[in-house]
Each structure stands twice: as C-alpha cells, then as structure tokens.
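Notes follow once the structure below has been shown.
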Amino acid sequence: MPMTITEKILAEHAGITGVSPGENIWVDTDILMTHDVCGPPTIGIFKQQFGEKASVFDPEKVVIIPDHYIFTNDKHANRNIDILRDFVKEHNLPNYYDVGTERYKGVCHIALAEEGWTRPGNVLFGTDSHTCTAGAFGQFATGIGNTDAAFILGTGKLWVKVPETMQFIIDGEIPPYVMAKDIILQIIGDIGVDGASYRTMEFAGSGVEAMSMEERMTLCNMVIEAGGKNGIIAADATTEEYVKARTDAPYKIFRNDADAKFHTTNYYKAEDLLPMVAQPHSPDNKASVRDVQSEKVTRAYIGSCTGGKFSDFVAAAEILKDQQVAVETFIVPATTEIDKLLRTTQINGHSLMQIFENAGAQIGKPSCAACLGGPADTFGRTHKDEICISTTNRNFPGRMGSKSSQVYLASPYTVAASALTGKITDPQEFLN
Amino acid sequence: MQNKILGRVYVLGEDIDTDQIIPAAHLVYSLEDPDERKKYGEYALSGVPAALAGLPNGNMPFIEKGKSHSEFSIIIAAKNFGCGSSREHAPAALEIAGVKAVITPSYARIFYRNAVDGGFLIPAESEKSLVDYFKTGDQAELDFINKNVTNTRTGESFSVKELGQVSQIIEAGGIFEYARISGMLQENTHA
Ligand code: SF4
C-alpha cells in the first residue's frame, strides 16, 4: 500500500508492512528524551508501576537533558535536578547532560540535534511538546506525557494512532528578509491553532530544500502550535551532512510513495512570503509586520528552541551591529555550544556576543529561561504588563510569566529590528 | 468507570492551554508527595484571565483561596481544550482539584492522550460547543450509556460522542492497567 514518510517509519517500528491513518499500533522506541520538569514525575510513575528495583528498557536509548529551570534559587526546581541525577546514577545511564558540568547543554530540542540524536527514520518520544522539532531530520518525533514516558521507560513501546499527513509545499526562492519563523507563523495563522490536530505536517518544495537544518527545525518546532502530532521533512544531503558530523549511529531515509495519500496539500509561493507576527494571545493571531508596524513594544527577547539557535543570533546581529536598543532586550542562547559560537564568531572584528553587549542587550545563560515564564527569578521573565516581542513559540496568556503581559511572536530579524525602535518594525528597514 | 457523572459545571472558552490550566512556575512541585501534590489543586486553572474565568460572567474563581479542591467537577469548554505543552501536570492538576470530566467539541492531542493514559479524568467530546447552554454553577449529568449530557437547570440534553477506540484504556483506568489486562505487562510488574 502506498505510504507517506511518517506512515513508513511507524510501520517499520511496529514490525508490519503497512499502516493506514487512524490505526492504533504499538511502536518501538529508538530514543526516549526527558528533562527536569517532566523527568521526575516520569521516574515516580516508573518506580510505582514497575517497582523500585526495575531496570529501564535500554539505558543507551534514554536521553536526559535538564534545561527548563536551571539557573534559579527555587529549591523545588533544584530538587528536581537531584532526582534526575540519582536516577541516572542508579541506572547507570550514559546519556545525561548534567547541570554544572562540561556536559551541560541547555534546551533539549537543540541539544538533541547537536548531540546526534535526531536521526532520519528513527522514532523519538520526548516528554516535551516541542519534541516535534526533530521531524526536520526525517525522524518521527512527538511529545508525550509522563505516564506514557514511564511506560516506555519500562517497555520500550508505546501505542500510536497513525496520523494523516497534511502537506505544505513552499516553492521558489525565499526572500532574504523572510525567515522560517515567518513562514510557520503564516501557516499557523492560515490553519489555526487546531488546524493540524492529530495530524502530521510535512514541509516540502524547493524553498524548504534550500533551507539550513536550523531553519527546517524552526518550521517543525511549531507544528504543535497548530495542534500537529509531528512535523516531517524528507531527509536529503543537507540532513545527512549535519547528522554524519555528529554521530556514527545508523539511520534510514524514507520518502513518500508517488501515490501516497495526503489529508490536504497546501501551496505557498516563496516570493509572496512576508515578515509576520503572531499577536497576543495566540500563535494563530497572525498579522504581517507591515500591517502592525506602529504597535508599541517594551521588551525584546531572543532565545528558545524556536529562535535561540546559532543562525537566529547571526540574523539578529546583522541588525543590531553598531546600533543601540531602545527597549530592554534579552539574549538567551539555546545551548552551551551556541553560546561558545557566539563568543568565537566575529563580524567585522567583533564577536556576536560583543555586538549584543555593545547594543545594550542583556545576555542570559543557555536554558529555556523566560520562554515559559518559570520561577520568579528566571532571566527575562515578565512580571507586570510588559509588551514583549519574542522569537519564542507561544504567546498564550501568562506564557512568559505575567498574566497581564502581552507577547508578540516574530522572527529574530523582526525582533531585533523592533528592539531598536520600540515598536514593531519591518527588518527590511535595517537590512541592506 | 461509572455510567453517569453528576456535578457542578465550570464553563471556559476556547483554546484553554496548559499554561492556563497549570502555570509553568508551579511545575516544580512533586506529584507524589501528598502535601506538595495539593498545590496542583490549589493552582489549577489559575492561569485563566479573570474576565474569562467561569463564563458567562467571568471573575468566578475555580478554587476558593487557600483550598485545593474545587466545588466544580465538570468542565465545559469550547474547542481545542488543553493545547500547548505536553505537561501531564495539566490533567493531573484538574484531577487533584476534583474534576471528573471535561466536555468540549475538541481536544489538543497530547492533553487527550495524557488524560486517558494516566486515567486522570474522562475527556468527553460534545457534538457542538455547549458553552452557550451552560452557566458556571449549573448542574450537569453526563451519561455514558445514553451518550448525552443534561443541564438539570434547563432540562436540555446534548449528545456526546462515543469514546471510541480508547474506551478500553479509559475503562481500565489508564495505560498501565490496560496493558496488564491485555497481557502486555505481567501482573507482577506492579511494585
Ligand atoms: S525553549 Fe521554550 S518551548 Fe523550547 S523546550 Fe524550552 S520551554 Fe519549551
């Protein structure tokens, strides 16, 4: 039977020759990822269900990346890291990226890619909704809860309802001032925050093929904001180059069959795309930057798994170099690797970090930081009625801390340009 | 699983996301420690903006200050309930607060899965949005045999969908119980 990439990966991991959308199947897990917020309750359920002495299904396949509440004095948050540490020790788990060590990474979804866990054809389950980011590598990757994760921890298996695939084809040359973030905000605005519920969002077309891995990750990162189960992009030479540089582990590239069935196919002409924002308080509340460009902002934030990758900061630096920000601006590299690159990569004799500091921005340590609000002492968290323009992925009420703050989502270009003026600004004004 | 659930209703709008159900700052508490666990009840739905809390009038707290148990055991909401993060703390917080069922025309996928697999509450799906047919404080009777929900104040009944393929997991009380009943997990794996 003809199948899509997602259907093929799921069929192979269920040990059957074919699957159809809507079927419930049990699939084998290649990688189970958890972090400091959902890891401790997962461990609790695991012990309760399988027993204090039970062993995990495969220590090599369990990846634990603390990233959410790291640089805080909150004692409960810090206790959660201790719970992870104890569990890792008890079970001798090799893939733990501990806080305060050389191995500490930062935001899990970017760390997974950097550490070679995002492999074409594999199945990755993670206790975080943005696990879908790894679909950029042609991997089936989706977010799950603690009970499901505990079940996998003991058995290596999970039931999955095979999703239908919605195709999004972006053809042509993407304008230089448009980033993947603009494209995904456009798409979410078009289909709504539940427009892809229970389904796969597949991105294809020459515009996507020309994208870097980081830009592809931005597209797949936000499929959950449309309710999607997973995002997927067919692996190609760009993917293989990235993966091979980071792991020797085997992978398998799947492609759609010529007559594979899709729920819908949506076409976008790359030349027509524009810088976009999602206005408060929903990721689908779209507007083009042009249409809202006088709106005032009081804060800018560049970070997270969506907009805190190396190329996101290169984009921001292009705009911020030799300029001064007009509103408080927070820079949070997603991972320690990106943090290092920001210190070592130069534009006209200045490191990116220097460019940000000279522009008057405040620099935070690699972690999720204010992307999800977090404990009161979290770097960049909103506390009152701030109006923040942010490269993150959610702007529901209270997402960045305070219920009375407002959040606009935008690309690193747009956030940087708006930081300079204190109002929503088209990056084209600052790009030559 | 009971055939009927009778309870007071709390009404919410659409796209109630997991940060509104349980704001991220509170995710640090242990779900196992009996005292800390209560915090999840105390802060359940505390992220909902006041004007939208308890429709149609709003400004109706879900939980009285200082309590961890709500007088409302049925939530009626508009579409896409539970969107946002994968935090299982969301259905857990509602259960700890005393919620037995949510009724909405549609759920975000992970919330639905978590509610079912963790056995926290029953995610019922109504044929249409019932937000205009219930007021916060009304009493509702959710009937799984007749597949409907009745507003006991108005006497009006509305159909709810069959639970479908996941009903076996709901009946069993969660994915672990289901796996044991179906023989996937040995009985003796229980501690
Ligand atoms: S950066 Fe934000 S969206 Fe990404 S994993 Fe962290 S909290 Fe979640």
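The way I read the labels, and the way they are meant: chains A, B, ... in the order of the structure tokens, residue 1 as the first residue of every chain, and ligand 1 as the first ligand shown, with later ones counted on from there.
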Which residues of chain B sit at most 10 Å from ligand 1, using only C-alpha atoms and all ligand atoms? Give each one's shortest atom pair and distance in Å (one decimal place), in chain and ascending residue order, as CSV.
```
residue,atom,partner,partner_atom_place_in_ligand_line,distance
B:Ala24,CA,ligand 1,7 (S),9.1
B:Gly84,CA,ligand 1,3 (S),9.5
B:Ser85,CA,ligand 1,8 (Fe),7.6
B:Ser86,CA,ligand 1,8 (Fe),9.5
```
Output the selection as a PDB file, in the first residue's frame - all heavy atoms for each residue.
```
ATOM      1  N   ALA B  24       3.366  27.477  34.412  1.00  0.00           N
ATOM      2  CA  ALA B  24       4.658  26.782  34.438  1.00  0.00           C
ATOM      3  C   ALA B  24       5.417  26.971  35.749  1.00  0.00           C
ATOM      4  O   ALA B  24       6.140  26.077  36.186  1.00  0.00           O
ATOM      5  CB  ALA B  24       5.505  27.248  33.263  1.00  0.00           C
ATOM      6  N   GLY B  84      -1.080  23.405  23.788  1.00  0.00           N
ATOM      7  CA  GLY B  84       0.160  23.877  24.397  1.00  0.00           C
ATOM      8  C   GLY B  84       1.083  22.743  24.745  1.00  0.00           C
ATOM      9  O   GLY B  84       1.298  21.855  23.933  1.00  0.00           O
ATOM     10  N   SER B  85       1.571  22.744  25.961  1.00  0.00           N
ATOM     11  CA  SER B  85       2.686  21.860  26.305  1.00  0.00           C
ATOM     12  C   SER B  85       2.225  20.438  26.586  1.00  0.00           C
ATOM     13  O   SER B  85       1.033  20.150  26.667  1.00  0.00           O
ATOM     14  CB  SER B  85       3.450  22.422  27.503  1.00  0.00           C
ATOM     15  OG  SER B  85       2.901  21.953  28.707  1.00  0.00           O
ATOM     16  N   SER B  86       3.200  19.548  26.743  1.00  0.00           N
ATOM     17  CA  SER B  86       2.895  18.133  26.963  1.00  0.00           C
ATOM     18  C   SER B  86       2.725  17.821  28.440  1.00  0.00           C
ATOM     19  O   SER B  86       2.556  16.680  28.812  1.00  0.00           O
ATOM     20  CB  SER B  86       4.013  17.266  26.388  1.00  0.00           C
ATOM     21  OG  SER B  86       5.214  17.517  27.082  1.00  0.00           O
TER      22      SER B  86
END
```
Next item on the list: Counting only C-alpha atoms, collect the residues of chain A whose closest atom lies at most 8 Å from chain B, and write them out as a PyMOL selection string.
Entry: chain A and resi 37-38+40-41+44+47-52+76-77+80+127-130+143-148+151+193-194+197-198+224-225+227-229+372-376+394+396-399+401+403
Next item on the list: Determine which residues of region 33-164 of chain B receive a DSSP assignment of alpha helix (DSSP H), computed from the backbone, and state them as a count of residues only.
Entry: 27
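Around region 40-44 of chain B, within 8 Å and counting only C-alpha atoms, the residues found are Ile21, Ile22, Pro23, His26, Tyr29, Phe62, Ile63, Lys65, Gly66, Lys67, Ser68, His69, Ser70, His89, Ala90, Ala92, Ala93, Leu94, Glu95, Ile96, Ala97 and Gly98 of chain B, once anything fewer than 6 positions away on its own chain is removed.
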Note to self: Can you pull out the residues contacting Glu102 (chain A)? Cut-off 12 Å, using only C-alpha atoms, and skip same-chain residues under 5 positions away; I want them as a list in words.
What the structure shows: Tyr96, Tyr97, Thr336 and Glu337 of chain A
Checklist line | Picked from region 47-189 of chain B by DSSP as strand (DSSP E), as a PyMOL selection string | finding: chain B and resi 74-77+101-104+122-125+139-143+148-151+157-159
Neighbour list for region 412-428 of chain A as an mmCIF file with C-alpha atoms, in the first residue's frame, cut-off 8 Å, only C-alpha atoms, skip fewer than 4 positions in-chain:
```cif
data_model
loop_
_atom_site.group_PDB
_atom_site.id
_atom_site.type_symbol
_atom_site.label_atom_id
_atom_site.label_comp_id
_atom_site.auth_asym_id
_atom_site.auth_seq_id
_atom_site.Cartn_x
_atom_site.Cartn_y
_atom_site.Cartn_z
ATOM 1 C CA TYR A 177 14.295 39.185 4.872
ATOM 2 C CA MET A 179 12.869 33.524 7.895
ATOM 3 C CA PRO A 275 7.749 39.053 7.789
ATOM 4 C CA VAL A 289 4.663 43.133 10.176
ATOM 5 C CA ARG A 290 3.653 45.752 7.630
ATOM 6 C CA VAL A 292 1.015 46.287 12.667
ATOM 7 C CA GLN A 293 4.256 48.187 12.409
ATOM 8 C CA SER A 294 3.407 51.100 14.631
ATOM 9 C CA GLU A 295 2.427 48.908 17.600
ATOM 10 C CA LYS A 296 4.466 49.655 20.689
ATOM 11 C CA VAL A 297 6.678 47.080 22.448
ATOM 12 C CA THR A 298 8.511 47.481 25.758
ATOM 13 C CA ARG A 299 10.769 44.446 25.614
ATOM 14 C CA ALA A 300 12.508 42.149 23.141
ATOM 15 C CA TYR A 301 13.518 38.540 23.737
ATOM 16 C CA ILE A 302 15.699 36.341 21.525
ATOM 17 C CA GLY A 307 14.552 31.308 17.934
ATOM 18 C CA ASP A 312 18.932 33.093 14.729
ATOM 19 C CA PHE A 313 21.628 35.101 16.503
ATOM 20 C CA ALA A 315 20.360 37.193 11.896
ATOM 21 C CA ALA A 316 19.825 39.334 14.996
ATOM 22 C CA ALA A 317 23.438 40.506 14.950
ATOM 23 C CA ILE A 319 20.549 44.117 12.543
ATOM 24 C CA LEU A 320 21.909 45.001 15.984
ATOM 25 C CA GLN A 323 23.152 50.123 16.922
ATOM 26 C CA GLN A 324 21.548 50.739 20.335
ATOM 27 C CA VAL A 325 18.413 49.006 21.534
ATOM 28 C CA ALA A 326 15.519 51.263 22.538
ATOM 29 C CA VAL A 327 13.850 48.749 24.886
ATOM 30 C CA GLU A 328 15.205 46.147 27.310
ATOM 31 C CA THR A 329 16.469 43.267 25.219
ATOM 32 C CA ILE A 389 8.266 40.808 21.085
ATOM 33 C CA SER A 390 9.868 37.406 21.171
ATOM 34 C CA THR A 391 11.424 34.707 18.988
ATOM 35 C CA ASN A 432 20.775 46.227 3.038
#
```
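Nearest-residue note for Glu164 (chain A): choosing from A:His91, A:Lys261, A:Lys181, A:His109, the minimum distance belongs to A:Lys261, counting only C-alpha atoms.
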Margin query: Please list as a VMD selection string every residue within 9 Å of region 146-161 of chain B, counting only C-alpha atoms and excluding residues in the same chain fewer than 4 positions away.
Written below: chain B and resid 103 105 124 to 128 130 133 to 134 138 to 142
Selection file, N, CA, C and O atoms, as an mmCIF file, in the first residue's frame:
```cif
data_model
loop_
_atom_site.group_PDB
_atom_site.id
_atom_site.type_symbol
_atom_site.label_atom_id
_atom_site.label_comp_id
_atom_site.auth_asym_id
_atom_site.auth_seq_id
_atom_site.Cartn_x
_atom_site.Cartn_y
_atom_site.Cartn_z
ATOM 1 N N ILE B 103 -15.879 18.393 29.069
ATOM 2 C CA ILE B 103 -16.716 18.217 27.869
ATOM 3 C C ILE B 103 -16.426 19.381 26.922
ATOM 4 O O ILE B 103 -16.605 20.546 27.278
ATOM 5 N N PRO B 105 -15.934 20.264 22.321
ATOM 6 C CA PRO B 105 -16.008 19.667 20.992
ATOM 7 C C PRO B 105 -14.670 19.104 20.511
ATOM 8 O O PRO B 105 -14.650 18.219 19.659
ATOM 9 N N ALA B 124 -14.589 13.878 27.499
ATOM 10 C CA ALA B 124 -15.763 13.647 26.658
ATOM 11 C C ALA B 124 -15.810 14.687 25.540
ATOM 12 O O ALA B 124 -15.423 15.837 25.736
ATOM 13 N N GLU B 125 -16.280 14.254 24.372
ATOM 14 C CA GLU B 125 -16.390 15.178 23.242
ATOM 15 C C GLU B 125 -17.856 15.417 22.916
ATOM 16 O O GLU B 125 -18.597 14.473 22.651
ATOM 17 N N SER B 126 -18.255 16.688 22.939
ATOM 18 C CA SER B 126 -19.636 17.012 22.579
ATOM 19 C C SER B 126 -19.715 17.207 21.078
ATOM 20 O O SER B 126 -18.715 17.504 20.426
ATOM 21 N N GLU B 127 -20.908 17.038 20.524
ATOM 22 C CA GLU B 127 -21.084 17.231 19.077
ATOM 23 C C GLU B 127 -20.848 18.695 18.708
ATOM 24 O O GLU B 127 -20.279 19.010 17.680
ATOM 25 N N LYS B 128 -21.334 19.602 19.573
ATOM 26 C CA LYS B 128 -21.133 21.031 19.302
ATOM 27 C C LYS B 128 -20.675 21.700 20.597
ATOM 28 O O LYS B 128 -20.721 21.070 21.667
ATOM 29 N N LEU B 130 -20.889 23.586 23.899
ATOM 30 C CA LEU B 130 -22.028 23.729 24.818
ATOM 31 C C LEU B 130 -21.897 24.963 25.704
ATOM 32 O O LEU B 130 -22.667 25.150 26.645
ATOM 33 N N TYR B 133 -24.904 26.944 26.435
ATOM 34 C CA TYR B 133 -26.045 26.239 27.016
ATOM 35 C C TYR B 133 -25.865 25.939 28.498
ATOM 36 O O TYR B 133 -26.748 25.380 29.126
ATOM 37 N N PHE B 134 -24.711 26.285 29.019
ATOM 38 C CA PHE B 134 -24.447 26.081 30.442
ATOM 39 C C PHE B 134 -23.891 27.368 31.039
ATOM 40 O O PHE B 134 -23.160 28.104 30.376
ATOM 41 N N ASP B 138 -24.169 25.755 37.089
ATOM 42 C CA ASP B 138 -25.242 24.814 36.737
ATOM 43 C C ASP B 138 -24.825 23.409 37.130
ATOM 44 O O ASP B 138 -23.644 23.118 37.287
ATOM 45 N N GLN B 139 -25.830 22.531 37.222
ATOM 46 C CA GLN B 139 -25.507 21.136 37.461
ATOM 47 C C GLN B 139 -25.676 20.360 36.158
ATOM 48 O O GLN B 139 -26.630 20.589 35.420
ATOM 49 N N ALA B 140 -24.727 19.466 35.870
ATOM 50 C CA ALA B 140 -24.810 18.668 34.647
ATOM 51 C C ALA B 140 -24.790 17.194 34.998
ATOM 52 O O ALA B 140 -24.158 16.781 35.970
ATOM 53 N N GLU B 141 -25.500 16.414 34.177
ATOM 54 C CA GLU B 141 -25.414 14.965 34.302
ATOM 55 C C GLU B 141 -24.876 14.406 32.984
ATOM 56 O O GLU B 141 -25.500 14.541 31.935
ATOM 57 N N LEU B 142 -23.691 13.806 33.087
ATOM 58 C CA LEU B 142 -23.042 13.218 31.916
ATOM 59 C C LEU B 142 -23.354 11.723 31.947
ATOM 60 O O LEU B 142 -23.035 11.041 32.920
#
```
Notebook entry, point to check: Which one is closest to His35 (chain A): A:Gly116, A:Gly126, A:Pro59, A:Pro2? Count only C-alpha atoms.
Noted result: A:Gly126
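Put simply, CA of Lys161 (chain A) is 28.8 Å away from CA of Pro66 (chain A).
Note that CA of Asp143 (chain B) and CA of Pro61 (chain B) are 26.7 Å apart.
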Checklist line | Atomic separation - CA of Lys39 (chain B) relative to CA of Asp385 (chain A), Å | finding: 25.8 Å
Checklist line | Counting only C-alpha atoms, the residue of B:Ile74, B:Ile145, B:Val99, B:Val11 that sits nearest Ser129 (chain B) | finding: B:Val11
Show me, as an mmCIF file with N, CA and C atoms, in the first residue's frame, the residues that have an atom within 6 Å of region 21-29 of chain A when counting only C-alpha atoms, minus same-chain residues fewer than 4 positions from it.
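New file part36.cif:
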```cif
data_model
loop_
_atom_site.group_PDB
_atom_site.id
_atom_site.type_symbol
_atom_site.label_atom_id
_atom_site.label_comp_id
_atom_site.auth_asym_id
_atom_site.auth_seq_id
_atom_site.Cartn_x
_atom_site.Cartn_y
_atom_site.Cartn_z
ATOM 1 N N HIS A 13 8.545 0.516 12.624
ATOM 2 C CA HIS A 13 8.741 0.375 14.069
ATOM 3 C C HIS A 13 7.647 -0.444 14.743
ATOM 4 N N ALA A 14 6.608 -0.756 13.993
ATOM 5 C CA ALA A 14 5.575 -1.657 14.523
ATOM 6 C C ALA A 14 5.813 -3.073 14.002
ATOM 7 N N VAL A 123 12.473 6.672 15.625
ATOM 8 C CA VAL A 123 11.326 7.127 16.416
ATOM 9 C C VAL A 123 11.840 7.722 17.724
ATOM 10 N N GLY A 156 9.859 0.090 26.398
ATOM 11 C CA GLY A 156 10.390 0.475 25.083
ATOM 12 C C GLY A 156 9.308 0.655 24.038
ATOM 13 N N LYS A 157 8.050 0.535 24.444
ATOM 14 C CA LYS A 157 6.946 0.596 23.455
ATOM 15 C C LYS A 157 5.899 1.643 23.820
ATOM 16 N N LEU A 158 5.172 2.087 22.818
ATOM 17 C CA LEU A 158 4.041 2.974 23.065
ATOM 18 C C LEU A 158 3.007 2.815 21.957
ATOM 19 N N TRP A 159 1.720 2.971 22.323
ATOM 20 C CA TRP A 159 0.703 2.940 21.263
ATOM 21 C C TRP A 159 0.644 4.300 20.590
ATOM 22 N N VAL A 160 0.450 4.260 19.280
ATOM 23 C CA VAL A 160 0.370 5.488 18.498
ATOM 24 C C VAL A 160 -0.790 5.336 17.527
ATOM 25 N N LYS A 161 -1.558 6.403 17.403
ATOM 26 C CA LYS A 161 -2.593 6.414 16.372
ATOM 27 C C LYS A 161 -1.938 7.003 15.120
ATOM 28 N N VAL A 162 -1.937 6.256 14.043
ATOM 29 C CA VAL A 162 -1.254 6.712 12.823
ATOM 30 C C VAL A 162 -1.929 7.988 12.318
ATOM 31 N N PRO A 163 -1.147 9.077 12.198
ATOM 32 C CA PRO A 163 -1.760 10.342 11.768
ATOM 33 C C PRO A 163 -1.889 10.461 10.247
ATOM 34 N N GLU A 164 -2.874 11.229 9.822
ATOM 35 C CA GLU A 164 -2.937 11.642 8.414
ATOM 36 C C GLU A 164 -1.878 12.714 8.198
#
```
